[in-house]
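**Q** What follows is start-v2.cif, mmCIF, C-alpha atoms.
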```
data_entry
loop_
_atom_site.group_PDB
_atom_site.id
_atom_site.type_symbol
_atom_site.label_atom_id
_atom_site.label_comp_id
_atom_site.auth_asym_id
_atom_site.auth_seq_id
_atom_site.Cartn_x
_atom_site.Cartn_y
_atom_site.Cartn_z
ATOM 1 C CA MET A 1 0.000 0.000 0.000
ATOM 2 C CA ALA A 2 1.251 3.461 -0.873
ATOM 3 C CA ASP A 3 1.991 6.008 1.858
ATOM 4 C CA GLN A 4 -0.355 8.991 2.271
ATOM 5 C CA LEU A 5 1.938 11.545 0.601
ATOM 6 C CA SER A 6 2.453 9.323 -2.452
ATOM 7 C CA THR A 7 -1.309 8.764 -2.706
ATOM 8 C CA THR A 8 -1.932 12.525 -2.458
ATOM 9 C CA PHE A 9 0.633 13.420 -5.125
ATOM 10 C CA ALA A 10 -0.603 10.641 -7.437
ATOM 11 C CA ALA A 11 -4.152 11.994 -7.089
ATOM 12 C CA LEU A 12 -2.915 15.502 -7.969
ATOM 13 C CA ALA A 13 -1.109 14.222 -11.083
ATOM 14 C CA ASP A 14 -4.142 14.728 -13.329
ATOM 15 C CA PRO A 15 -5.555 17.991 -14.757
ATOM 16 C CA THR A 16 -9.225 16.931 -14.401
ATOM 17 C CA ARG A 17 -8.771 15.985 -10.759
ATOM 18 C CA ARG A 18 -6.981 19.291 -10.080
ATOM 19 C CA ALA A 19 -9.835 21.168 -11.813
ATOM 20 C CA ILE A 20 -12.386 19.330 -9.628
ATOM 21 C CA LEU A 21 -10.477 20.297 -6.472
ATOM 22 C CA SER A 22 -10.230 23.863 -7.716
ATOM 23 C CA ARG A 23 -14.010 23.974 -8.231
ATOM 24 C CA LEU A 24 -14.537 22.685 -4.687
ATOM 25 C CA THR A 25 -12.573 25.571 -3.144
ATOM 26 C CA THR A 26 -15.621 27.724 -4.033
ATOM 27 C CA GLY A 27 -17.988 25.440 -2.078
ATOM 28 C CA GLU A 28 -19.645 22.009 -2.024
ATOM 29 C CA ALA A 29 -20.937 20.549 -5.291
ATOM 30 C CA SER A 30 -22.858 17.488 -6.459
ATOM 31 C CA VAL A 31 -21.308 14.969 -8.854
ATOM 32 C CA THR A 32 -23.522 16.327 -11.675
ATOM 33 C CA GLU A 33 -22.357 19.883 -10.966
ATOM 34 C CA LEU A 34 -18.740 18.750 -10.934
ATOM 35 C CA ALA A 35 -19.156 16.878 -14.233
ATOM 36 C CA GLN A 36 -20.717 19.871 -16.033
ATOM 37 C CA PRO A 37 -17.596 21.838 -17.115
ATOM 38 C CA PHE A 38 -15.867 18.700 -18.430
ATOM 39 C CA ASP A 39 -16.603 17.038 -21.718
ATOM 40 C CA MET A 40 -16.835 13.759 -19.870
ATOM 41 C CA SER A 41 -19.323 11.042 -18.988
ATOM 42 C CA LEU A 42 -20.622 10.823 -15.414
ATOM 43 C CA PRO A 43 -18.870 7.434 -14.907
ATOM 44 C CA ALA A 44 -15.545 8.982 -16.011
ATOM 45 C CA VAL A 45 -15.947 11.858 -13.536
ATOM 46 C CA THR A 46 -17.045 9.411 -10.824
ATOM 47 C CA LYS A 47 -13.809 7.474 -11.392
ATOM 48 C CA HIS A 48 -11.771 10.640 -10.770
ATOM 49 C CA LEU A 49 -13.852 11.430 -7.678
ATOM 50 C CA LYS A 50 -13.110 7.939 -6.319
ATOM 51 C CA VAL A 51 -9.363 8.582 -6.659
ATOM 52 C CA LEU A 52 -9.749 11.902 -4.808
ATOM 53 C CA GLN A 53 -11.868 10.229 -2.117
ATOM 54 C CA ARG A 54 -9.397 7.385 -1.621
ATOM 55 C CA ALA A 55 -6.654 10.000 -1.193
ATOM 56 C CA GLY A 56 -8.841 11.722 1.420
ATOM 57 C CA LEU A 57 -8.767 14.983 -0.574
ATOM 58 C CA ILE A 58 -12.571 15.073 -0.762
ATOM 59 C CA THR A 59 -15.479 13.516 1.094
ATOM 60 C CA GLN A 60 -19.011 12.942 -0.127
ATOM 61 C CA GLY A 61 -22.119 13.644 1.976
ATOM 62 C CA ARG A 62 -24.652 10.920 2.733
ATOM 63 C CA GLU A 63 -27.845 12.771 1.811
ATOM 64 C CA ALA A 64 -29.657 10.303 -0.508
ATOM 65 C CA GLN A 65 -30.443 12.774 -3.305
ATOM 66 C CA TRP A 66 -27.753 15.395 -3.520
ATOM 67 C CA ARG A 67 -24.634 13.819 -1.931
ATOM 68 C CA PRO A 68 -22.434 16.927 -2.193
ATOM 69 C CA CYS A 69 -18.663 16.577 -2.457
ATOM 70 C CA LYS A 70 -16.476 18.754 -0.290
ATOM 71 C CA LEU A 71 -12.784 19.471 0.092
ATOM 72 C CA GLU A 72 -10.810 18.000 2.999
ATOM 73 C CA ALA A 73 -7.813 20.095 4.007
ATOM 74 C CA LYS A 74 -5.540 17.581 5.734
ATOM 75 C CA PRO A 75 -3.834 15.721 2.838
ATOM 76 C CA MET A 76 -3.201 18.927 0.865
ATOM 77 C CA ARG A 77 -1.842 20.601 4.004
ATOM 78 C CA GLU A 78 0.553 17.686 4.519
ATOM 79 C CA ALA A 79 1.693 17.849 0.880
ATOM 80 C CA ALA A 80 2.276 21.610 1.192
ATOM 81 C CA ALA A 81 4.195 21.021 4.443
ATOM 82 C CA TRP A 82 6.419 18.507 2.656
ATOM 83 C CA MET A 83 7.268 21.200 0.089
ATOM 84 C CA GLU A 84 8.289 23.814 2.683
ATOM 85 C CA PRO A 85 12.038 22.928 2.779
ATOM 86 C CA TYR A 86 12.153 23.346 -1.032
ATOM 87 C CA ARG A 87 10.586 26.759 -0.747
ATOM 88 C CA ARG A 88 13.339 27.723 1.713
ATOM 89 C CA HIS A 89 15.934 26.147 -0.598
ATOM 90 C CA TRP A 90 14.947 28.238 -3.630
ATOM 91 C CA GLU A 91 14.416 31.401 -1.587
ATOM 92 C CA GLN A 92 17.960 31.066 -0.264
ATOM 93 C CA ARG A 93 19.210 30.604 -3.814
ATOM 94 C CA ILE A 94 17.361 33.744 -4.929
ATOM 95 C CA ASP A 95 18.824 35.651 -1.948
ATOM 96 C CA ARG A 96 22.336 34.474 -2.832
ATOM 97 C CA LEU A 97 21.834 35.445 -6.494
ATOM 98 C CA ASP A 98 20.503 38.828 -5.413
ATOM 99 C CA GLN A 99 23.525 39.397 -3.170
ATOM 100 C CA PHE A 100 25.918 38.272 -5.917
ATOM 101 C CA LEU A 101 24.333 40.707 -8.393
ATOM 102 C CA ARG A 102 24.499 43.570 -5.903
ATOM 103 C CA GLU A 103 28.176 42.849 -5.234
ATOM 104 C CA THR A 104 29.225 42.447 -8.865
ATOM 105 C CA THR A 105 26.964 44.851 -10.795
ATOM 106 C CA PRO A 106 27.857 48.530 -10.173
ATOM 107 C CA GLY A 107 24.516 49.690 -11.643
ATOM 108 C CA ALA A 108 22.529 47.421 -9.369
ATOM 109 C CA ARG A 109 24.476 48.604 -6.341
ATOM 110 C CA ARG A 110 23.946 52.244 -7.285
ATOM 111 C CA SER A 111 20.219 51.804 -7.739
ATOM 112 C CA ARG A 112 20.051 50.191 -4.282
ATOM 113 C CA THR A 113 22.013 52.904 -2.467
ATOM 114 C CA ARG A 114 20.156 55.703 -4.217
ATOM 115 C CA LYS A 115 16.886 54.885 -2.416
ATOM 116 C CA MET B 1 1.870 14.061 -23.307
ATOM 117 C CA ALA B 2 1.177 15.032 -19.707
ATOM 118 C CA ASP B 3 1.244 18.688 -18.651
ATOM 119 C CA GLN B 4 4.124 19.912 -16.473
ATOM 120 C CA LEU B 5 2.161 19.981 -13.205
ATOM 121 C CA SER B 6 0.910 16.413 -13.701
ATOM 122 C CA THR B 7 4.467 15.252 -14.494
ATOM 123 C CA THR B 8 5.783 17.006 -11.363
ATOM 124 C CA PHE B 9 3.137 15.517 -9.051
ATOM 125 C CA ALA B 10 3.573 12.040 -10.589
ATOM 126 C CA ALA B 11 7.333 12.289 -9.960
ATOM 127 C CA LEU B 12 6.664 13.261 -6.320
ATOM 128 C CA ALA B 13 4.306 10.292 -5.822
ATOM 129 C CA ASP B 14 7.109 7.980 -4.694
ATOM 130 C CA PRO B 15 8.930 7.895 -1.324
ATOM 131 C CA THR B 16 12.353 7.055 -2.835
ATOM 132 C CA ARG B 17 12.165 9.949 -5.277
ATOM 133 C CA ARG B 18 11.100 12.303 -2.482
ATOM 134 C CA ALA B 19 14.034 11.083 -0.349
ATOM 135 C CA ILE B 20 16.432 11.725 -3.267
ATOM 136 C CA LEU B 21 15.097 15.284 -3.655
ATOM 137 C CA SER B 22 15.373 15.786 0.100
ATOM 138 C CA ARG B 23 19.038 14.682 0.013
ATOM 139 C CA LEU B 24 19.718 17.148 -2.828
ATOM 140 C CA THR B 25 18.497 20.126 -0.765
ATOM 141 C CA THR B 26 21.762 19.726 1.191
ATOM 142 C CA GLY B 27 23.868 20.010 -1.993
ATOM 143 C CA GLU B 28 24.860 18.255 -5.222
ATOM 144 C CA ALA B 29 25.486 14.504 -5.146
ATOM 145 C CA SER B 30 26.651 11.782 -7.523
ATOM 146 C CA VAL B 31 24.412 8.857 -8.469
ATOM 147 C CA THR B 32 26.514 6.556 -6.237
ATOM 148 C CA GLU B 33 26.120 8.933 -3.291
ATOM 149 C CA LEU B 34 22.371 9.153 -3.898
ATOM 150 C CA ALA B 35 22.058 5.358 -4.098
ATOM 151 C CA GLN B 36 23.921 4.769 -0.786
ATOM 152 C CA PRO B 37 21.109 5.262 1.791
ATOM 153 C CA PHE B 38 18.690 3.058 -0.169
ATOM 154 C CA ASP B 39 18.736 -0.715 -0.198
ATOM 155 C CA MET B 40 18.566 -0.551 -3.974
ATOM 156 C CA SER B 41 20.616 -1.434 -7.053
ATOM 157 C CA LEU B 42 22.232 1.396 -9.039
ATOM 158 C CA PRO B 43 19.947 0.694 -12.048
ATOM 159 C CA ALA B 44 16.862 1.011 -9.823
ATOM 160 C CA VAL B 45 18.072 4.356 -8.460
ATOM 161 C CA THR B 46 19.001 5.491 -11.991
ATOM 162 C CA LYS B 47 15.435 4.750 -13.065
ATOM 163 C CA HIS B 48 14.088 7.036 -10.325
ATOM 164 C CA LEU B 49 16.616 9.736 -11.298
ATOM 165 C CA LYS B 50 15.411 9.543 -14.912
ATOM 166 C CA VAL B 51 11.821 10.223 -13.761
ATOM 167 C CA LEU B 52 13.019 13.218 -11.732
ATOM 168 C CA GLN B 53 15.088 14.478 -14.675
ATOM 169 C CA ARG B 54 12.215 14.139 -17.129
ATOM 170 C CA ALA B 55 10.058 16.156 -14.706
ATOM 171 C CA GLY B 56 12.809 18.813 -14.642
ATOM 172 C CA LEU B 57 13.107 18.475 -10.848
ATOM 173 C CA ILE B 58 16.820 17.650 -11.105
ATOM 174 C CA THR B 59 19.588 18.075 -13.668
ATOM 175 C CA GLN B 60 22.788 16.096 -14.008
ATOM 176 C CA GLY B 61 26.185 17.687 -14.713
ATOM 177 C CA ARG B 62 28.237 16.700 -17.742
ATOM 178 C CA GLU B 63 31.583 16.080 -16.040
ATOM 179 C CA ALA B 64 32.653 12.634 -17.366
ATOM 180 C CA GLN B 65 33.532 11.077 -13.980
ATOM 181 C CA TRP B 66 31.367 12.556 -11.275
ATOM 182 C CA ARG B 67 28.237 13.861 -13.051
ATOM 183 C CA PRO B 68 26.630 15.389 -9.945
ATOM 184 C CA CYS B 69 22.850 15.700 -9.713
ATOM 185 C CA LYS B 70 21.373 18.948 -8.520
ATOM 186 C CA LEU B 71 17.948 20.290 -7.647
ATOM 187 C CA GLU B 72 16.079 22.574 -10.055
ATOM 188 C CA ALA B 73 13.652 24.933 -8.336
ATOM 189 C CA LYS B 74 11.148 25.767 -11.080
ATOM 190 C CA PRO B 75 8.820 22.706 -11.196
ATOM 191 C CA MET B 76 8.584 22.501 -7.407
ATOM 192 C CA ARG B 77 7.909 26.237 -7.211
ATOM 193 C CA GLU B 78 5.091 25.853 -9.740
ATOM 194 C CA ALA B 79 3.619 22.923 -7.803
ATOM 195 C CA ALA B 80 3.759 24.950 -4.569
ATOM 196 C CA ALA B 81 2.138 27.910 -6.374
ATOM 197 C CA TRP B 82 -0.682 25.643 -7.521
ATOM 198 C CA MET B 83 -1.299 24.723 -3.863
ATOM 199 C CA GLU B 84 -1.537 28.329 -2.642
ATOM 200 C CA PRO B 85 -5.355 28.722 -3.069
ATOM 201 C CA TYR B 86 -5.836 25.576 -0.946
ATOM 202 C CA ARG B 87 -3.667 27.027 1.766
ATOM 203 C CA ARG B 88 -5.898 30.133 1.775
ATOM 204 C CA HIS B 89 -8.969 27.875 1.720
ATOM 205 C CA TRP B 90 -7.993 25.936 4.868
ATOM 206 C CA GLU B 91 -6.682 29.052 6.633
ATOM 207 C CA GLN B 92 -10.057 30.720 6.091
ATOM 208 C CA ARG B 93 -11.772 27.628 7.451
ATOM 209 C CA ILE B 94 -9.571 27.712 10.557
ATOM 210 C CA ASP B 95 -10.334 31.444 10.979
ATOM 211 C CA ARG B 96 -14.088 30.779 10.692
ATOM 212 C CA LEU B 97 -13.853 27.919 13.204
ATOM 213 C CA ASP B 98 -11.874 30.155 15.544
ATOM 214 C CA GLN B 99 -14.483 32.917 15.260
ATOM 215 C CA PHE B 100 -17.322 30.429 15.777
ATOM 216 C CA LEU B 101 -15.671 29.090 18.921
ATOM 217 C CA ARG B 102 -15.103 32.584 20.279
ATOM 218 C CA GLU B 103 -18.735 33.500 19.661
ATOM 219 C CA THR B 104 -20.247 30.332 21.111
ATOM 220 C CA THR B 105 -17.888 29.379 23.939
ATOM 221 C CA PRO B 106 -18.116 31.750 26.928
ATOM 222 C CA GLY B 107 -14.831 30.444 28.373
ATOM 223 C CA ALA B 108 -12.980 31.065 25.132
ATOM 224 C CA ARG B 109 -14.377 34.588 24.882
ATOM 225 C CA ARG B 110 -13.420 35.339 28.476
ATOM 226 C CA SER B 111 -9.867 34.137 27.984
ATOM 227 C CA ARG B 112 -9.577 36.365 24.893
ATOM 228 C CA THR B 113 -10.959 39.537 26.576
ATOM 229 C CA ARG B 114 -8.874 39.019 29.688
ATOM 230 C CA LYS B 115 -5.620 39.691 27.797
#
```
Please go through the file and, once you have read it, give me the structure as structure tokens.
**A**
Amino acid sequence: MADQLSTTFAALADPTRRAILSRLTTGEASVTELAQPFDMSLPAVTKHLKVLQRAGLITQGREAQWRPCKLEAKPMREAAAWMEPYRRHWEQRIDRLDQFLRETTPGARRSRTRK
Amino acid sequence: MADQLSTTFAALADPTRRAILSRLTTGEASVTELAQPFDMSLPAVTKHLKVLQRAGLITQGREAQWRPCKLEAKPMREAAAWMEPYRRHWEQRIDRLDQFLRETTPGARRSRTRK
């Protein structure tokens, strides 16, 4: 069985599933509502919803008629948390590049000190 | 052909590949160095590196002997940027929950106003 992070990332590795999640940030929606913007059969959309549900990214209500889907924050929050060190990594690289440019480019240094 | 975001998330959907990326945040490393912590053959590790390279998450130097792998920031930055609206979504939910608790729980309100 795959670990939670792998399951989350695998679920995000599809443009339709990402579009469904994006739609759900604006509020709950039924399967029919979610299927509407896609040129796709209901069974095809249902298959994507199952992947998102298995990953815990969405849950579906139990009301017999409507059964709205809604976003669950936890898996996405964990995936974002996993990415944090990379954010720091590239921010440090940008800082170093910025410093290098200030030290080596007279024009850049001037424009900084002029402020 | 898959879009860049899907390729990035698919590449991240594996614990070994995530561990390799994590190792590379501390600096460049050769394939042999990357293979060391894993109970895995060099060809198996090379296969994972190829997936990461195809996703643009790492690049490999051209020096004949050492050929160090290094992290590339762009795909991960784009993946993190895609997640931003979800971060706002769950932060808003936490804020609403916090407000609800303050409005409905006398103890919580008291402890806030006491400050």
**Q** Tell me, in Å to one decimal, how far CA of Arg88 (chain A) is from CA of Arg87 (chain B).
**A**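 Computing the Euclidean distance for CA of Arg88 (chain A) and CA of Arg87 (chain B) yields 17.0 Å.
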**Q** Using the chain letters and numbering of this document, enumerate as a count of residues only the residues selected by the PyMOL selection byres ((chain B) within 10 of (chain A)).
**A** 40
**Q** CA of Leu34 (chain B) and CA of Gln65 (chain B) are how many Å apart?
**A**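 Between CA of Leu34 (chain B) and CA of Gln65 (chain B) the gap works out to 15.2 Å.
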**Q** Any chance you could dump chain B, least-squares fitted to chain A on all C-alpha atoms in order, as a PDB file with C-alpha atoms, keeping the file's coordinate frame?
**A**
```pdb
ATOM      1  CA  MET B   1       0.071   0.091   0.031  1.00  0.00           C
ATOM      2  CA  ALA B   2       1.305   3.562  -0.868  1.00  0.00           C
ATOM      3  CA  ASP B   3       2.023   6.118   1.859  1.00  0.00           C
ATOM      4  CA  GLN B   4      -0.338   9.086   2.254  1.00  0.00           C
ATOM      5  CA  LEU B   5       1.936  11.641   0.570  1.00  0.00           C
ATOM      6  CA  SER B   6       2.451   9.406  -2.476  1.00  0.00           C
ATOM      7  CA  THR B   7      -1.322   8.828  -2.718  1.00  0.00           C
ATOM      8  CA  THR B   8      -1.957  12.590  -2.480  1.00  0.00           C
ATOM      9  CA  PHE B   9       0.598  13.495  -5.166  1.00  0.00           C
ATOM     10  CA  ALA B  10      -0.629  10.683  -7.455  1.00  0.00           C
ATOM     11  CA  ALA B  11      -4.191  12.014  -7.095  1.00  0.00           C
ATOM     12  CA  LEU B  12      -2.976  15.526  -8.009  1.00  0.00           C
ATOM     13  CA  ALA B  13      -1.165  14.233 -11.119  1.00  0.00           C
ATOM     14  CA  ASP B  14      -4.211  14.701 -13.350  1.00  0.00           C
ATOM     15  CA  PRO B  15      -5.653  17.950 -14.780  1.00  0.00           C
ATOM     16  CA  THR B  16      -9.311  16.859 -14.422  1.00  0.00           C
ATOM     17  CA  ARG B  17      -8.852  15.957 -10.768  1.00  0.00           C
ATOM     18  CA  ARG B  18      -7.085  19.265 -10.122  1.00  0.00           C
ATOM     19  CA  ALA B  19      -9.952  21.123 -11.846  1.00  0.00           C
ATOM     20  CA  ILE B  20     -12.485  19.267  -9.651  1.00  0.00           C
ATOM     21  CA  LEU B  21     -10.566  20.261  -6.499  1.00  0.00           C
ATOM     22  CA  SER B  22     -10.349  23.834  -7.771  1.00  0.00           C
ATOM     23  CA  ARG B  23     -14.143  23.921  -8.277  1.00  0.00           C
ATOM     24  CA  LEU B  24     -14.653  22.633  -4.714  1.00  0.00           C
ATOM     25  CA  THR B  25     -12.695  25.546  -3.198  1.00  0.00           C
ATOM     26  CA  THR B  26     -15.754  27.669  -4.082  1.00  0.00           C
ATOM     27  CA  GLY B  27     -18.095  25.369  -2.111  1.00  0.00           C
ATOM     28  CA  GLU B  28     -19.726  21.930  -2.038  1.00  0.00           C
ATOM     29  CA  ALA B  29     -21.020  20.451  -5.294  1.00  0.00           C
ATOM     30  CA  SER B  30     -22.909  17.365  -6.446  1.00  0.00           C
ATOM     31  CA  VAL B  31     -21.357  14.843  -8.833  1.00  0.00           C
ATOM     32  CA  THR B  32     -23.600  16.162 -11.648  1.00  0.00           C
ATOM     33  CA  GLU B  33     -22.469  19.733 -10.975  1.00  0.00           C
ATOM     34  CA  LEU B  34     -18.828  18.631 -10.932  1.00  0.00           C
ATOM     35  CA  ALA B  35     -19.241  16.722 -14.207  1.00  0.00           C
ATOM     36  CA  GLN B  36     -20.822  19.705 -16.048  1.00  0.00           C
ATOM     37  CA  PRO B  37     -17.712  21.690 -17.136  1.00  0.00           C
ATOM     38  CA  PHE B  38     -15.959  18.563 -18.439  1.00  0.00           C
ATOM     39  CA  ASP B  39     -16.701  16.878 -21.734  1.00  0.00           C
ATOM     40  CA  MET B  40     -16.901  13.600 -19.855  1.00  0.00           C
ATOM     41  CA  SER B  41     -19.391  10.867 -18.964  1.00  0.00           C
ATOM     42  CA  LEU B  42     -20.658  10.658 -15.371  1.00  0.00           C
ATOM     43  CA  PRO B  43     -18.870   7.296 -14.853  1.00  0.00           C
ATOM     44  CA  ALA B  44     -15.563   8.844 -15.963  1.00  0.00           C
ATOM     45  CA  VAL B  45     -15.988  11.736 -13.520  1.00  0.00           C
ATOM     46  CA  THR B  46     -17.058   9.298 -10.776  1.00  0.00           C
ATOM     47  CA  LYS B  47     -13.822   7.392 -11.339  1.00  0.00           C
ATOM     48  CA  HIS B  48     -11.797  10.572 -10.760  1.00  0.00           C
ATOM     49  CA  LEU B  49     -13.874  11.359  -7.646  1.00  0.00           C
ATOM     50  CA  LYS B  50     -13.111   7.882  -6.275  1.00  0.00           C
ATOM     51  CA  VAL B  51      -9.357   8.557  -6.626  1.00  0.00           C
ATOM     52  CA  LEU B  52      -9.764  11.877  -4.801  1.00  0.00           C
ATOM     53  CA  GLN B  53     -11.864  10.213  -2.089  1.00  0.00           C
ATOM     54  CA  ARG B  54      -9.376   7.395  -1.578  1.00  0.00           C
ATOM     55  CA  ALA B  55      -6.642  10.034  -1.181  1.00  0.00           C
ATOM     56  CA  GLY B  56      -8.836  11.753   1.439  1.00  0.00           C
ATOM     57  CA  LEU B  57      -8.791  14.993  -0.586  1.00  0.00           C
ATOM     58  CA  ILE B  58     -12.598  15.062  -0.763  1.00  0.00           C
ATOM     59  CA  THR B  59     -15.494  13.487   1.120  1.00  0.00           C
ATOM     60  CA  GLN B  60     -19.021  12.883  -0.091  1.00  0.00           C
ATOM     61  CA  GLY B  61     -22.123  13.569   2.025  1.00  0.00           C
ATOM     62  CA  ARG B  62     -24.628  10.834   2.801  1.00  0.00           C
ATOM     63  CA  GLU B  63     -27.833  12.651   1.852  1.00  0.00           C
ATOM     64  CA  ALA B  64     -29.652  10.153  -0.435  1.00  0.00           C
ATOM     65  CA  GLN B  65     -30.442  12.598  -3.273  1.00  0.00           C
ATOM     66  CA  TRP B  66     -27.770  15.246  -3.480  1.00  0.00           C
ATOM     67  CA  ARG B  67     -24.657  13.705  -1.870  1.00  0.00           C
ATOM     68  CA  PRO B  68     -22.479  16.825  -2.156  1.00  0.00           C
ATOM     69  CA  CYS B  69     -18.704  16.495  -2.427  1.00  0.00           C
ATOM     70  CA  LYS B  70     -16.538  18.717  -0.299  1.00  0.00           C
ATOM     71  CA  LEU B  71     -12.852  19.469   0.079  1.00  0.00           C
ATOM     72  CA  GLU B  72     -10.858  18.029   2.988  1.00  0.00           C
ATOM     73  CA  ALA B  73      -7.872  20.152   3.981  1.00  0.00           C
ATOM     74  CA  LYS B  74      -5.560  17.663   5.699  1.00  0.00           C
ATOM     75  CA  PRO B  75      -3.860  15.794   2.797  1.00  0.00           C
ATOM     76  CA  MET B  76      -3.268  18.994   0.830  1.00  0.00           C
ATOM     77  CA  ARG B  77      -1.901  20.697   3.942  1.00  0.00           C
ATOM     78  CA  GLU B  78       0.516  17.803   4.454  1.00  0.00           C
ATOM     79  CA  ALA B  79       1.620  17.950   0.812  1.00  0.00           C
ATOM     80  CA  ALA B  80       2.196  21.714   1.106  1.00  0.00           C
ATOM     81  CA  ALA B  81       4.134  21.147   4.357  1.00  0.00           C
ATOM     82  CA  TRP B  82       6.353  18.636   2.574  1.00  0.00           C
ATOM     83  CA  MET B  83       7.171  21.336  -0.004  1.00  0.00           C
ATOM     84  CA  GLU B  84       8.195  23.961   2.568  1.00  0.00           C
ATOM     85  CA  PRO B  85      11.954  23.081   2.671  1.00  0.00           C
ATOM     86  CA  TYR B  86      12.069  23.472  -1.133  1.00  0.00           C
ATOM     87  CA  ARG B  87      10.501  26.883  -0.868  1.00  0.00           C
ATOM     88  CA  ARG B  88      13.253  27.867   1.598  1.00  0.00           C
ATOM     89  CA  HIS B  89      15.833  26.276  -0.713  1.00  0.00           C
ATOM     90  CA  TRP B  90      14.854  28.360  -3.766  1.00  0.00           C
ATOM     91  CA  GLU B  91      14.331  31.522  -1.698  1.00  0.00           C
ATOM     92  CA  GLN B  92      17.879  31.183  -0.371  1.00  0.00           C
ATOM     93  CA  ARG B  93      19.130  30.708  -3.915  1.00  0.00           C
ATOM     94  CA  ILE B  94      17.320  33.867  -5.030  1.00  0.00           C
ATOM     95  CA  ASP B  95      18.796  35.752  -2.038  1.00  0.00           C
ATOM     96  CA  ARG B  96      22.313  34.539  -2.921  1.00  0.00           C
ATOM     97  CA  LEU B  97      21.821  35.526  -6.572  1.00  0.00           C
ATOM     98  CA  ASP B  98      20.544  38.923  -5.467  1.00  0.00           C
ATOM     99  CA  GLN B  99      23.572  39.430  -3.211  1.00  0.00           C
ATOM    100  CA  PHE B 100      25.944  38.281  -5.963  1.00  0.00           C
ATOM    101  CA  LEU B 101      24.414  40.747  -8.408  1.00  0.00           C
ATOM    102  CA  ARG B 102      24.644  43.586  -5.906  1.00  0.00           C
ATOM    103  CA  GLU B 103      28.297  42.802  -5.233  1.00  0.00           C
ATOM    104  CA  THR B 104      29.345  42.409  -8.862  1.00  0.00           C
ATOM    105  CA  THR B 105      27.161  44.893 -10.741  1.00  0.00           C
ATOM    106  CA  PRO B 106      28.134  48.529 -10.074  1.00  0.00           C
ATOM    107  CA  GLY B 107      24.835  49.806 -11.513  1.00  0.00           C
ATOM    108  CA  ALA B 108      22.800  47.559  -9.249  1.00  0.00           C
ATOM    109  CA  ARG B 109      24.787  48.648  -6.201  1.00  0.00           C
ATOM    110  CA  ARG B 110      24.367  52.310  -7.100  1.00  0.00           C
ATOM    111  CA  SER B 111      20.622  51.978  -7.518  1.00  0.00           C
ATOM    112  CA  ARG B 112      20.423  50.295  -4.092  1.00  0.00           C
ATOM    113  CA  THR B 113      22.534  52.931  -2.248  1.00  0.00           C
ATOM    114  CA  ARG B 114      20.728  55.809  -3.908  1.00  0.00           C
ATOM    115  CA  LYS B 115      17.472  55.022  -2.065  1.00  0.00           C
TER     116      LYS B 115
END
```
**Q** List every protein, DNA or RNA residue with an atom no more than 12 Å from (24.7, 14.8, -10.0) in the file's coordinates, counting all atoms listed in the file, and format the result as a PyMOL selection string.
**A** chain B and resi 20-21+23-24+27-35+46+49-50+52-53+58-72
**Q** CA of Thr16 (chain A) and CA of Leu42 (chain A) are how many Å apart?
**A**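 Computed distance, CA of Thr16 (chain A) to CA of Leu42 (chain A), equals 13.0 Å.
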**Q** Nearest to Lys47 (chain B): which of B:Leu101, B:Glu78, B:Arg17, B:Asp95 is it, counting only C-alpha atoms?
**A**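 That would be B:Arg17, the residue with the smallest distance to Lys47 (chain B).
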